[in-house]
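protein32.cif follows; it contains mmCIF, N, CA and C atoms and all ligand atoms.
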```
data_work
#
loop_
_atom_site.label_atom_id
_atom_site.label_comp_id
_atom_site.auth_asym_id
_atom_site.auth_seq_id
_atom_site.Cartn_x
_atom_site.Cartn_y
_atom_site.Cartn_z
N GLU A 1 0.85 -1.22 0.00
CA GLU A 1 0.00 0.00 0.00
C GLU A 1 0.87 1.24 0.00
N GLU A 2 0.44 2.30 -0.65
CA GLU A 2 1.27 3.51 -0.79
C GLU A 2 1.58 4.13 0.57
N GLN A 3 0.57 4.19 1.46
CA GLN A 3 0.81 4.80 2.77
C GLN A 3 1.89 4.02 3.53
N GLU A 4 1.88 2.69 3.34
CA GLU A 4 2.87 1.86 4.05
C GLU A 4 4.26 2.16 3.50
N GLU A 5 4.35 2.33 2.18
CA GLU A 5 5.66 2.64 1.58
C GLU A 5 6.11 4.04 2.02
N ASP A 6 5.16 4.93 2.24
CA ASP A 6 5.52 6.27 2.73
C ASP A 6 6.14 6.17 4.14
N ILE A 7 5.53 5.32 4.98
CA ILE A 7 6.05 5.13 6.35
C ILE A 7 7.48 4.57 6.30
N LEU A 8 7.68 3.54 5.46
CA LEU A 8 9.00 2.90 5.40
C LEU A 8 10.04 3.86 4.81
N ARG A 9 9.62 4.71 3.90
CA ARG A 9 10.55 5.72 3.35
C ARG A 9 10.95 6.72 4.45
N GLU A 10 9.96 7.13 5.25
CA GLU A 10 10.27 8.07 6.34
C GLU A 10 11.18 7.40 7.37
N LEU A 11 10.95 6.11 7.63
CA LEU A 11 11.82 5.36 8.55
C LEU A 11 13.25 5.37 8.03
N ARG A 12 13.43 5.06 6.74
CA ARG A 12 14.80 5.02 6.16
C ARG A 12 15.46 6.40 6.26
N LEU A 13 14.71 7.44 6.02
CA LEU A 13 15.29 8.79 6.09
C LEU A 13 15.74 9.09 7.52
N PHE A 14 14.92 8.72 8.51
CA PHE A 14 15.28 8.95 9.92
C PHE A 14 16.52 8.15 10.28
N LEU A 15 16.54 6.87 9.92
CA LEU A 15 17.67 6.00 10.29
C LEU A 15 18.95 6.45 9.59
N ARG A 16 18.84 6.88 8.30
CA ARG A 16 20.03 7.38 7.59
C ARG A 16 20.56 8.64 8.26
N ASN A 17 19.65 9.52 8.69
CA ASN A 17 20.08 10.78 9.34
C ASN A 17 20.82 10.47 10.64
N VAL A 18 20.26 9.56 11.44
CA VAL A 18 20.91 9.19 12.71
C VAL A 18 22.29 8.59 12.42
N THR A 19 22.34 7.65 11.49
CA THR A 19 23.61 6.94 11.20
C THR A 19 24.67 7.90 10.66
N GLU A 20 24.26 8.83 9.79
CA GLU A 20 25.23 9.77 9.23
C GLU A 20 25.80 10.69 10.30
N ARG A 21 24.97 11.07 11.28
CA ARG A 21 25.49 11.91 12.38
C ARG A 21 26.51 11.16 13.21
N LEU A 22 26.29 9.85 13.38
CA LEU A 22 27.27 9.02 14.12
C LEU A 22 28.56 8.91 13.30
N PHE A 23 28.37 8.72 12.00
CA PHE A 23 29.50 8.57 11.08
C PHE A 23 30.42 9.78 11.16
N LEU A 24 29.84 10.98 11.33
CA LEU A 24 30.60 12.24 11.30
C LEU A 24 31.26 12.56 12.64
N ASP A 25 30.85 11.85 13.68
CA ASP A 25 31.39 12.14 15.03
C ASP A 25 32.78 11.52 15.16
N PRO A 26 33.83 12.35 15.39
CA PRO A 26 35.20 11.81 15.45
C PRO A 26 35.39 10.72 16.49
N ARG A 27 34.58 10.79 17.58
CA ARG A 27 34.73 9.76 18.65
C ARG A 27 34.46 8.36 18.11
N PHE A 28 33.66 8.28 17.03
CA PHE A 28 33.19 6.97 16.57
C PHE A 28 33.90 6.50 15.30
N LYS A 29 35.05 7.12 14.99
CA LYS A 29 35.77 6.76 13.76
C LYS A 29 36.09 5.27 13.71
N ALA A 30 36.48 4.66 14.81
CA ALA A 30 36.84 3.23 14.83
C ALA A 30 35.66 2.33 14.49
N PHE A 31 34.45 2.89 14.57
CA PHE A 31 33.24 2.08 14.34
C PHE A 31 32.70 2.23 12.91
N THR A 32 33.40 3.02 12.05
CA THR A 32 32.81 3.35 10.76
C THR A 32 32.90 2.23 9.73
N GLU A 33 33.92 1.36 9.86
CA GLU A 33 34.09 0.26 8.88
C GLU A 33 34.23 -1.06 9.63
N PRO A 34 34.01 -2.20 8.95
CA PRO A 34 34.18 -3.49 9.63
C PRO A 34 35.61 -3.65 10.16
N VAL A 35 35.77 -4.35 11.29
CA VAL A 35 37.11 -4.68 11.79
C VAL A 35 37.82 -5.51 10.70
N ASP A 36 39.05 -5.11 10.39
CA ASP A 36 39.78 -5.75 9.29
C ASP A 36 40.31 -7.13 9.71
N GLU A 37 39.82 -8.15 9.01
CA GLU A 37 40.20 -9.54 9.28
C GLU A 37 41.73 -9.72 9.20
N ASP A 38 42.35 -9.02 8.23
CA ASP A 38 43.81 -9.18 8.05
C ASP A 38 44.55 -8.56 9.24
N GLU A 39 44.02 -7.40 9.71
CA GLU A 39 44.66 -6.74 10.86
C GLU A 39 44.40 -7.52 12.14
N VAL A 40 43.19 -8.08 12.26
CA VAL A 40 42.80 -8.73 13.52
C VAL A 40 42.25 -10.13 13.21
N PRO A 41 43.12 -11.08 12.89
CA PRO A 41 42.66 -12.41 12.46
C PRO A 41 41.80 -13.14 13.50
N ALA A 42 42.04 -12.84 14.79
CA ALA A 42 41.31 -13.56 15.84
C ALA A 42 39.87 -13.06 16.01
N TYR A 43 39.57 -11.91 15.37
CA TYR A 43 38.30 -11.22 15.67
C TYR A 43 37.09 -12.10 15.40
N SER A 44 37.06 -12.77 14.23
CA SER A 44 35.85 -13.52 13.85
C SER A 44 35.65 -14.76 14.72
N ALA A 45 36.71 -15.20 15.41
CA ALA A 45 36.57 -16.34 16.32
C ALA A 45 35.83 -15.92 17.60
N VAL A 46 35.94 -14.64 17.93
CA VAL A 46 35.35 -14.12 19.19
C VAL A 46 33.99 -13.47 18.92
N ILE A 47 33.93 -12.64 17.87
CA ILE A 47 32.72 -11.84 17.59
C ILE A 47 31.93 -12.50 16.47
N LYS A 48 30.74 -13.04 16.85
CA LYS A 48 29.94 -13.83 15.89
C LYS A 48 29.11 -12.95 14.97
N ARG A 49 28.72 -11.75 15.46
CA ARG A 49 27.90 -10.87 14.61
C ARG A 49 28.56 -9.50 14.52
N PRO A 50 29.59 -9.37 13.67
CA PRO A 50 30.24 -8.07 13.51
C PRO A 50 29.25 -7.03 12.97
N MET A 51 29.42 -5.78 13.35
CA MET A 51 28.59 -4.70 12.84
C MET A 51 29.39 -3.40 12.90
N ASP A 52 29.07 -2.48 11.97
CA ASP A 52 29.75 -1.18 11.92
C ASP A 52 28.82 -0.18 11.25
N LEU A 53 29.17 1.10 11.29
CA LEU A 53 28.27 2.15 10.80
C LEU A 53 28.05 2.07 9.30
N SER A 54 29.08 1.69 8.53
CA SER A 54 28.89 1.60 7.07
C SER A 54 27.93 0.46 6.72
N THR A 55 27.99 -0.63 7.47
CA THR A 55 27.08 -1.76 7.24
C THR A 55 25.64 -1.38 7.63
N LEU A 56 25.48 -0.58 8.70
CA LEU A 56 24.14 -0.08 9.05
C LEU A 56 23.54 0.70 7.87
N LEU A 57 24.35 1.57 7.26
CA LEU A 57 23.86 2.38 6.14
C LEU A 57 23.46 1.49 4.96
N THR A 58 24.29 0.50 4.64
CA THR A 58 23.97 -0.44 3.56
C THR A 58 22.67 -1.18 3.86
N ASN A 59 22.52 -1.62 5.10
CA ASN A 59 21.29 -2.33 5.49
C ASN A 59 20.06 -1.44 5.33
N ILE A 60 20.19 -0.16 5.69
CA ILE A 60 19.06 0.78 5.54
C ILE A 60 18.67 0.86 4.06
N ASP A 61 19.69 1.05 3.20
CA ASP A 61 19.45 1.21 1.77
C ASP A 61 18.87 -0.06 1.16
N GLU A 62 19.16 -1.21 1.76
CA GLU A 62 18.62 -2.49 1.25
C GLU A 62 17.29 -2.85 1.92
N HIS A 63 16.68 -1.86 2.60
CA HIS A 63 15.35 -2.03 3.21
C HIS A 63 15.31 -3.17 4.23
N ARG A 64 16.40 -3.34 4.97
CA ARG A 64 16.47 -4.45 5.94
C ARG A 64 15.85 -4.10 7.29
N TYR A 65 15.52 -2.83 7.54
CA TYR A 65 14.94 -2.46 8.83
C TYR A 65 13.50 -1.97 8.64
N GLY A 66 12.55 -2.69 9.29
CA GLY A 66 11.14 -2.30 9.22
C GLY A 66 10.72 -1.44 10.39
N THR A 67 11.54 -1.43 11.44
CA THR A 67 11.23 -0.60 12.62
C THR A 67 12.54 -0.02 13.16
N VAL A 68 12.41 0.99 14.02
CA VAL A 68 13.60 1.55 14.66
C VAL A 68 14.20 0.50 15.60
N GLY A 69 13.34 -0.30 16.21
CA GLY A 69 13.82 -1.36 17.12
C GLY A 69 14.73 -2.34 16.41
N ASP A 70 14.39 -2.72 15.17
CA ASP A 70 15.24 -3.63 14.39
C ASP A 70 16.61 -2.98 14.12
N PHE A 71 16.60 -1.69 13.80
CA PHE A 71 17.84 -0.93 13.57
C PHE A 71 18.68 -0.90 14.85
N MET A 72 17.99 -0.62 16.00
CA MET A 72 18.71 -0.51 17.29
C MET A 72 19.42 -1.81 17.64
N ALA A 73 18.81 -2.94 17.31
CA ALA A 73 19.44 -4.25 17.63
C ALA A 73 20.79 -4.34 16.93
N ASP A 74 20.87 -3.90 15.68
CA ASP A 74 22.16 -3.92 14.97
C ASP A 74 23.10 -2.82 15.48
N ALA A 75 22.57 -1.64 15.73
CA ALA A 75 23.42 -0.54 16.23
C ALA A 75 24.04 -0.94 17.57
N ASP A 76 23.27 -1.66 18.40
CA ASP A 76 23.79 -2.09 19.71
C ASP A 76 24.94 -3.08 19.56
N LEU A 77 24.92 -3.90 18.46
CA LEU A 77 26.02 -4.85 18.24
C LEU A 77 27.36 -4.14 18.18
N ILE A 78 27.38 -2.92 17.62
CA ILE A 78 28.65 -2.21 17.41
C ILE A 78 29.35 -1.99 18.75
N TRP A 79 28.62 -1.44 19.73
CA TRP A 79 29.30 -1.15 21.00
C TRP A 79 29.42 -2.42 21.85
N GLN A 80 28.43 -3.33 21.74
CA GLN A 80 28.52 -4.58 22.51
C GLN A 80 29.76 -5.38 22.09
N ASN A 81 29.99 -5.49 20.77
CA ASN A 81 31.16 -6.22 20.25
C ASN A 81 32.45 -5.58 20.75
N ALA A 82 32.49 -4.24 20.74
CA ALA A 82 33.70 -3.53 21.17
C ALA A 82 34.00 -3.80 22.65
N LEU A 83 32.95 -3.80 23.49
CA LEU A 83 33.16 -4.07 24.92
C LEU A 83 33.63 -5.51 25.11
N GLU A 84 33.07 -6.41 24.30
CA GLU A 84 33.41 -7.84 24.44
C GLU A 84 34.85 -8.11 24.00
N TYR A 85 35.26 -7.48 22.88
CA TYR A 85 36.56 -7.82 22.30
C TYR A 85 37.72 -7.10 22.98
N SER A 86 37.40 -5.97 23.63
CA SER A 86 38.49 -5.17 24.25
C SER A 86 38.21 -4.94 25.72
N PRO A 87 38.26 -6.04 26.51
CA PRO A 87 37.87 -5.97 27.93
C PRO A 87 39.01 -5.59 28.87
N ASP A 88 40.24 -5.47 28.33
CA ASP A 88 41.39 -5.40 29.24
C ASP A 88 41.58 -4.02 29.86
N GLY A 89 42.54 -3.95 30.80
CA GLY A 89 42.80 -2.71 31.52
C GLY A 89 43.77 -1.78 30.82
N ASP A 90 44.35 -2.21 29.68
CA ASP A 90 45.34 -1.32 29.05
C ASP A 90 44.65 -0.13 28.40
N ALA A 91 45.44 0.90 28.12
CA ALA A 91 44.90 2.19 27.65
C ALA A 91 44.11 2.03 26.35
N THR A 92 44.62 1.18 25.44
CA THR A 92 43.93 1.02 24.14
C THR A 92 42.52 0.47 24.34
N ASP A 93 42.44 -0.61 25.16
CA ASP A 93 41.12 -1.22 25.37
C ASP A 93 40.19 -0.26 26.10
N ARG A 94 40.72 0.42 27.14
CA ARG A 94 39.86 1.34 27.92
C ARG A 94 39.33 2.45 27.03
N ASN A 95 40.21 2.91 26.12
CA ASN A 95 39.79 4.00 25.21
C ASN A 95 38.66 3.52 24.31
N ILE A 96 38.77 2.32 23.77
CA ILE A 96 37.71 1.75 22.91
C ILE A 96 36.42 1.61 23.71
N ARG A 97 36.52 1.16 24.97
CA ARG A 97 35.29 0.98 25.77
C ARG A 97 34.64 2.33 26.09
N HIS A 98 35.45 3.36 26.31
CA HIS A 98 34.87 4.70 26.55
C HIS A 98 34.05 5.11 25.32
N ARG A 99 34.62 4.88 24.12
CA ARG A 99 33.93 5.27 22.88
C ARG A 99 32.71 4.39 22.63
N ALA A 100 32.80 3.12 23.00
CA ALA A 100 31.66 2.21 22.84
C ALA A 100 30.51 2.67 23.74
N CYS A 101 30.84 3.06 24.98
CA CYS A 101 29.80 3.53 25.91
C CYS A 101 29.21 4.86 25.42
N ALA A 102 30.08 5.73 24.84
CA ALA A 102 29.58 7.01 24.29
C ALA A 102 28.64 6.74 23.12
N LEU A 103 28.98 5.75 22.28
CA LEU A 103 28.11 5.39 21.15
C LEU A 103 26.76 4.90 21.66
N LYS A 104 26.79 4.02 22.66
CA LYS A 104 25.54 3.48 23.22
C LYS A 104 24.66 4.61 23.73
N ASP A 105 25.26 5.52 24.52
CA ASP A 105 24.47 6.60 25.13
C ASP A 105 23.98 7.59 24.07
N THR A 106 24.82 7.84 23.05
CA THR A 106 24.45 8.81 22.00
C THR A 106 23.27 8.30 21.18
N VAL A 107 23.30 7.03 20.79
CA VAL A 107 22.19 6.47 20.01
C VAL A 107 20.90 6.53 20.81
N ARG A 108 20.99 6.15 22.09
CA ARG A 108 19.78 6.15 22.92
C ARG A 108 19.23 7.57 23.11
N ALA A 109 20.13 8.54 23.28
CA ALA A 109 19.68 9.92 23.51
C ALA A 109 18.98 10.47 22.25
N ILE A 110 19.55 10.17 21.07
CA ILE A 110 18.94 10.63 19.81
C ILE A 110 17.55 10.01 19.66
N ILE A 111 17.45 8.70 19.89
CA ILE A 111 16.15 8.02 19.73
C ILE A 111 15.14 8.59 20.73
N ARG A 112 15.56 8.76 21.99
CA ARG A 112 14.63 9.29 23.01
C ARG A 112 14.16 10.69 22.63
N ASP A 113 15.07 11.51 22.11
CA ASP A 113 14.74 12.92 21.81
C ASP A 113 14.00 13.08 20.48
N GLU A 114 14.24 12.19 19.52
CA GLU A 114 13.79 12.49 18.15
C GLU A 114 12.82 11.48 17.56
N LEU A 115 12.67 10.32 18.18
CA LEU A 115 11.73 9.33 17.62
C LEU A 115 10.36 9.51 18.27
N ASP A 116 9.34 9.73 17.43
CA ASP A 116 7.98 9.80 17.92
C ASP A 116 7.49 8.37 18.17
N GLU A 117 7.05 8.11 19.39
CA GLU A 117 6.67 6.71 19.70
C GLU A 117 5.46 6.25 18.88
N ASP A 118 4.61 7.20 18.48
CA ASP A 118 3.48 6.81 17.62
C ASP A 118 4.02 6.33 16.26
N PHE A 119 5.07 7.00 15.76
CA PHE A 119 5.64 6.59 14.47
C PHE A 119 6.20 5.17 14.57
N GLU A 120 6.93 4.89 15.65
CA GLU A 120 7.51 3.54 15.81
C GLU A 120 6.39 2.51 15.91
N ARG A 121 5.30 2.86 16.57
CA ARG A 121 4.17 1.90 16.71
C ARG A 121 3.57 1.61 15.33
N ILE A 122 3.46 2.62 14.48
CA ILE A 122 2.93 2.40 13.13
C ILE A 122 3.88 1.49 12.33
N CYS A 123 5.19 1.72 12.48
CA CYS A 123 6.17 0.85 11.79
C CYS A 123 5.98 -0.60 12.24
N GLU A 124 5.77 -0.80 13.54
CA GLU A 124 5.59 -2.17 14.06
C GLU A 124 4.31 -2.79 13.51
N GLU A 125 3.25 -1.99 13.36
CA GLU A 125 1.99 -2.53 12.82
C GLU A 125 2.14 -2.90 11.34
N VAL A 126 2.88 -2.07 10.58
CA VAL A 126 3.13 -2.39 9.16
C VAL A 126 3.92 -3.69 9.08
N LYS A 127 4.94 -3.81 9.95
CA LYS A 127 5.78 -5.03 9.94
C LYS A 127 4.94 -6.26 10.24
N GLU A 128 4.06 -6.16 11.29
CA GLU A 128 3.24 -7.33 11.67
C GLU A 128 2.26 -7.71 10.57
N SER A 129 1.86 -6.73 9.76
CA SER A 129 0.84 -6.99 8.74
C SER A 129 1.43 -7.70 7.52
N ARG A 130 2.75 -7.96 7.53
CA ARG A 130 3.39 -8.54 6.33
C ARG A 130 3.79 -10.02 6.54
O1 LIG B 1 37.09 -3.79 18.03
C1 LIG B 1 37.82 -3.17 17.27
C2 LIG B 1 37.44 -1.83 16.71
C3 LIG B 1 37.61 -0.76 17.78
C4 LIG B 1 36.09 -0.64 17.89
C5 LIG B 1 35.93 -1.59 16.72
N1 LIG B 1 39.01 -3.68 16.90
C6 LIG B 1 39.60 -4.91 17.37
C7 LIG B 1 41.09 -4.59 17.54
C8 LIG B 1 41.43 -4.53 19.03
C9 LIG B 1 41.80 -3.05 19.29
C10 LIG B 1 43.26 -2.71 18.99
C11 LIG B 1 43.68 -2.96 17.54
O2 LIG B 1 44.08 -4.29 17.39
C12 LIG B 1 42.53 -2.71 16.52
O3 LIG B 1 42.76 -3.50 15.36
C13 LIG B 1 41.19 -3.13 17.09
C14 LIG B 1 40.03 -2.94 16.16
O4 LIG B 1 40.97 -2.37 18.28
#
```
Please express what this file holds, its structure, as C-alpha cells.
Ligand SMILES: O=C(C1CCC1)N1C[C@@H]2C[C@H]3C[C@@H](O)[C@@H](O)[C@]2(C1)O3
Amino acid sequence: EEQEEDILRELRLFLRNVTERLFLDPRFKAFTEPVDEDEVPAYSAVIKRPMDLSTLLTNIDEHRYGTVGDFMADADLIWQNALEYSPDGDATDRNIRHRACALKDTVRAIIRDELDEDFERICEEVKESR
C-alpha cells in the first residue's frame, strides 16, 4: 500500500540521518568500517555478529529495517562487540570501551529525543501486517 511505503521511506530517512550523524562524530571513527580480518585475524573467532556504521547504512538502503527497534538491535552490536573484544585494563582497550559507551548513550539519547513513539508503533503494525 502507498501509505505503508511512505512510512518505510520516512523510517529510512530517519535512520540514515541518525547513522550519518554518528558517522561524522570523530569519537566513533573506529566504528565506521568493519574490523579488518587481516589486521585482527582472531576477531571472527570471538565476535559472531560483527557490525559497523557503514554496514548499518547499507542495510538501511537495502530495506532491511522495518522498525527503529530492528535498527537498534544492529546498532547495539557495534558497542557490545567492542566491549566484548576489548575488555582489558590497558589504555587502548579502555579507550575503545569509553567510545563504545559514548556510542551506546548517544544512540539512545537521539532516539529518546527524536523518535515519535506513535511513528515507531505504526512501523511495528506495518511489519506485523506482512
Ligand atoms: O574492536 C575493534 C574496533 C575498535 C572498535 C571496533 N578492533 C579490534 C582490535 C582490538 C583493538 C586494537 C587494535 O588491534 C585494533 O585492530 C582493534 C580494532 O581495536
Considering all atoms listed in the file, return as a PyMOL selection string whatever protein or nucleic-acid residues lie within 7 Å of range 97-106 of chain A, sequence-local ones (same chain, fewer than 6 positions apart) excluded. chain A and resi 27-28+76+78-80+82-83+86
Identify, on the basis of only N, CA and C atoms, every residue whose closest approach to Leu8 in chain A does not exceed 8 Å; exclude the query and any residue fewer than 4 positions from it along the same chain; express the result as a ChimeraX atom specification. /A:2-4,12-14,65-67,123
Within 9 Å of ligand LIG 1 (chain B), counting only C-alpha atoms and all ligand atoms, which protein or nucleic acid residues do you find, written as number ranges by chain? A: 28-37, 39-40, 42-43, 51-52, 78-79, 81-86, 92-93, 96-97, 99-100
Determine which residues of chain A receive a DSSP assignment of helix (DSSP H, G or I), computed from the backbone, and state them as an MDAnalysis selection string. chainID A and resid 2:24 26:31 43:46 53:61 68:85 91:114 117:128
Report, in Å to a single decimal, how far apart CA of Leu53 in chain A and atom N of Val126 in chain A are. 25.7 Å
Record the distance separating CA of Ile122 in chain A and CA of Arg49 in chain A, expressed in Å with one decimal.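 The value is 28.3 Å.
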Report, in Å with one decimal, the straight-line distance from atom C of Ile60 in chain A to atom N of Ile47 in chain A.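 These atoms are spaced 24.6 Å apart.
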Where's the centre, and what are the edge lengths in Å to one decimal, of a box along x, y and z enclosing all listed atoms of range 9-18 of chain A padded 5 Å per side, as JSON?
```
{"center_x": 16.0, "center_y": 7.7, "center_z": 8.0, "size_x": 22.7, "size_y": 16.1, "size_z": 19.4}
```
